Amino acid sequence: MSVAAWWTGTRALIILVRIIVNRKNDHNEVRILSDVLSGLIFASFVVLAISFLCEVPVKGLVATSGIVAIVIGLALQSTLSDLFSGIAVGIEKPYRLGDVISLDSGVSGRVVQVNWRSIHLQGSDHNLIIVPNNLVAKAQLINRSLPTPMTSQTLDIRVHPAVPVERVINVLKAALHGCHHISHAPSASYIDCLTLAGDGTVFRISFSAVSYGHLVDARTEVFSQVQRHLFHSGIPLTVKELYPQEEWTARLLSPAELLTRSELFCSLSVASREKIARVMQTIELREGQFLFQAGDAPKSLFIIASGTVKTIPQKRMNEETHYILGPGESLGVVALITGHPYNVTARALSVVHGFQLDAAHLAEVIDESPELAKELEISVKNAIEVMAKAEQADVAKMNNSSQGFLDRLKKMLVKKGASE
């Protein structure tokens, strides 16, 4: 009966301790502390029960228990270190379930489980990483979910030493403007010039993803846009401790080269691209300058050589709904072919260099080479998705038959050519 009473009292005390410790409903974070306190209470019950019920001297029992505890402690030194480190981390609470953390060892991931021995992290490659609490307690820890879930990363690039620093920074800013997966909030991204040397100028690009889950997509997009903008701007990368022998020419792509890399015109024959390139005209825009506005009559199509252009659909004229176009991309094509007014407003986000092809010159080229109209039909159909993204065009209203497309194209361009 006495044993039952002791056991009942001990269980009641353990339950009371668990209630007090878990009063904030953070069971996962304080489970380690709760389990340790329960274990100490249970061990105390065993010692007191043996002492009072079996009339065993407490001093001798404690001394014996101490020796046994020392032996067990030495054998379980690593495990106990993890245990008490877990208690310390649990009390301090530097992270919570769901937070993204990084350790100075290079390990990073989202916290998916916390227990008495270790924490479980889910890495960006979706693998499970188990880190002992002992290492977590000693490591320099960065919680990337606090105070906001935004996650930042840096990218270092080395470019030709002859390229002016200001020019590179402008090109890199234009590249970041074209990224959809990074945050464009103030101070969320910036560019620094780190070193000036004969083997190249090093720039650091800092950018932020809205959350850890978007970091991989954001990083891939930044790499892609930076490579694209540097290439189209004629800025070569260099290798550390390898001094470039050639001079920097600062040459942008010619109209023919640009057409070769354009989503819209790349499928045309070489001869057709050369004919179109001969009649294209150069355009330059300052930052903030409009290329055209919604409702304007279509007169030309445009291809961007360098820089970025923002297009905002007419039906949703706000800065939150937009598309960003960069080097090699075209705009104004659907409006020129269908004769409908531009249904987007296009504004330069940076200094923009490009080319325009007006209806009259395109009509002349088609007059000389009627087969070009057929090639343009195939090209436009292949680029429907790009045009729809850039201009939100109502492509469904266009006649999908080949003859209908050719008639519309020829009539529209010939009419424009005759009127100008």
# chains A, B, ... in the order shown; residues from 1 in each chain; ligands from 1

$ residues_around --residues "range 118-126 of chain A" --least-positions-apart "3" --cutoff "8 Å" --atoms "only C-alpha atoms" --output "MDAnalysis selection string"
chainID A and resid 82 86 108:115 129:133 213 216

$ select_by_dssp --residues "range 81-250 of chain A" --states "strand (DSSP E or B)" --output "count of residues only"
55

$ atom_distance --atom1 "CA of Val352 in chain A" --atom2 "CA of Ala218 in chain A"
23.7 Å

$ closest_atom_pairs --of "range 128-202 of chain A" --to "range 323-337 of chain A" --cutoff "12 Å" --atoms "only C-alpha atoms" --output "JSON lines"
{"residue": "A:Val171", "atom": "CA", "partner": "A:Pro327", "partner_atom": "CA", "distance": 10.9}
{"residue": "A:Leu172", "atom": "CA", "partner": "A:Gly326", "partner_atom": "CA", "distance": 11.9}
{"residue": "A:Lys173", "atom": "CA", "partner": "A:Gly326", "partner_atom": "CA", "distance": 11.9}
{"residue": "A:Ala174", "atom": "CA", "partner": "A:Gly326", "partner_atom": "CA", "distance": 8.2}
{"residue": "A:Ala175", "atom": "CA", "partner": "A:Gly326", "partner_atom": "CA", "distance": 7.9}
{"residue": "A:Leu176", "atom": "CA", "partner": "A:Ile324", "partner_atom": "CA", "distance": 10.3}
{"residue": "A:His177", "atom": "CA", "partner": "A:Ile324", "partner_atom": "CA", "distance": 7.3}
{"residue": "A:Gly178", "atom": "CA", "partner": "A:Ile324", "partner_atom": "CA", "distance": 5.4}
{"residue": "A:Cys179", "atom": "CA", "partner": "A:Ile324", "partner_atom": "CA", "distance": 8.0}
{"residue": "A:His180", "atom": "CA", "partner": "A:Ile324", "partner_atom": "CA", "distance": 8.3}

$ select_by_dssp --residues "range 213-408 of chain A" --states "helix (DSSP H, G or I)" --output "PyMOL selection string"
chain A and resi 213-232+255-261+270-278+314-316+333-338+359-368+371-382+384-391+395-397+402-408

$ closest_residue --among "A:Asn343, A:Gln245, A:Ser272, A:Asn170" --to "Ala297 in chain A" --atoms "only C-alpha atoms"
A:Asn343

$ residues_around --residues "Ala348 in chain A" --least-positions-apart "6" --cutoff "9 Å" --atoms "only C-alpha atoms" --output "ChimeraX atom specification"
/A:285-291,307-311

$ closest_atom_pairs --of "range 197-247 of chain A" --to "range 150-158 of chain A" --cutoff "7 Å" --atoms "only C-alpha atoms" --output "CSV"
residue,atom,partner,partner_atom,distance
A:Gly200,CA,A:Arg158,CA,5.5
A:Thr201,CA,A:Arg158,CA,5.3
A:Val202,CA,A:Arg158,CA,4.4
A:Phe203,CA,A:Ile157,CA,5.5
A:Arg204,CA,A:Asp156,CA,4.5
A:Ile205,CA,A:Leu155,CA,5.0
A:Ser206,CA,A:Thr154,CA,4.3
A:Phe207,CA,A:Ser152,CA,5.6
A:Ser208,CA,A:Ser152,CA,4.1
A:Ala209,CA,A:Thr151,CA,5.3
A:Val210,CA,A:Met150,CA,4.6
A:Ser211,CA,A:Met150,CA,4.8
A:Tyr212,CA,A:Thr151,CA,5.6
A:Leu237,CA,A:Arg158,CA,5.7
A:Thr238,CA,A:Arg158,CA,5.6

$ residues_around --residues "Ser300 in chain A" --least-positions-apart "6" --cutoff "6 Å" --atoms "only C-alpha atoms" --output "count of residues only"
3
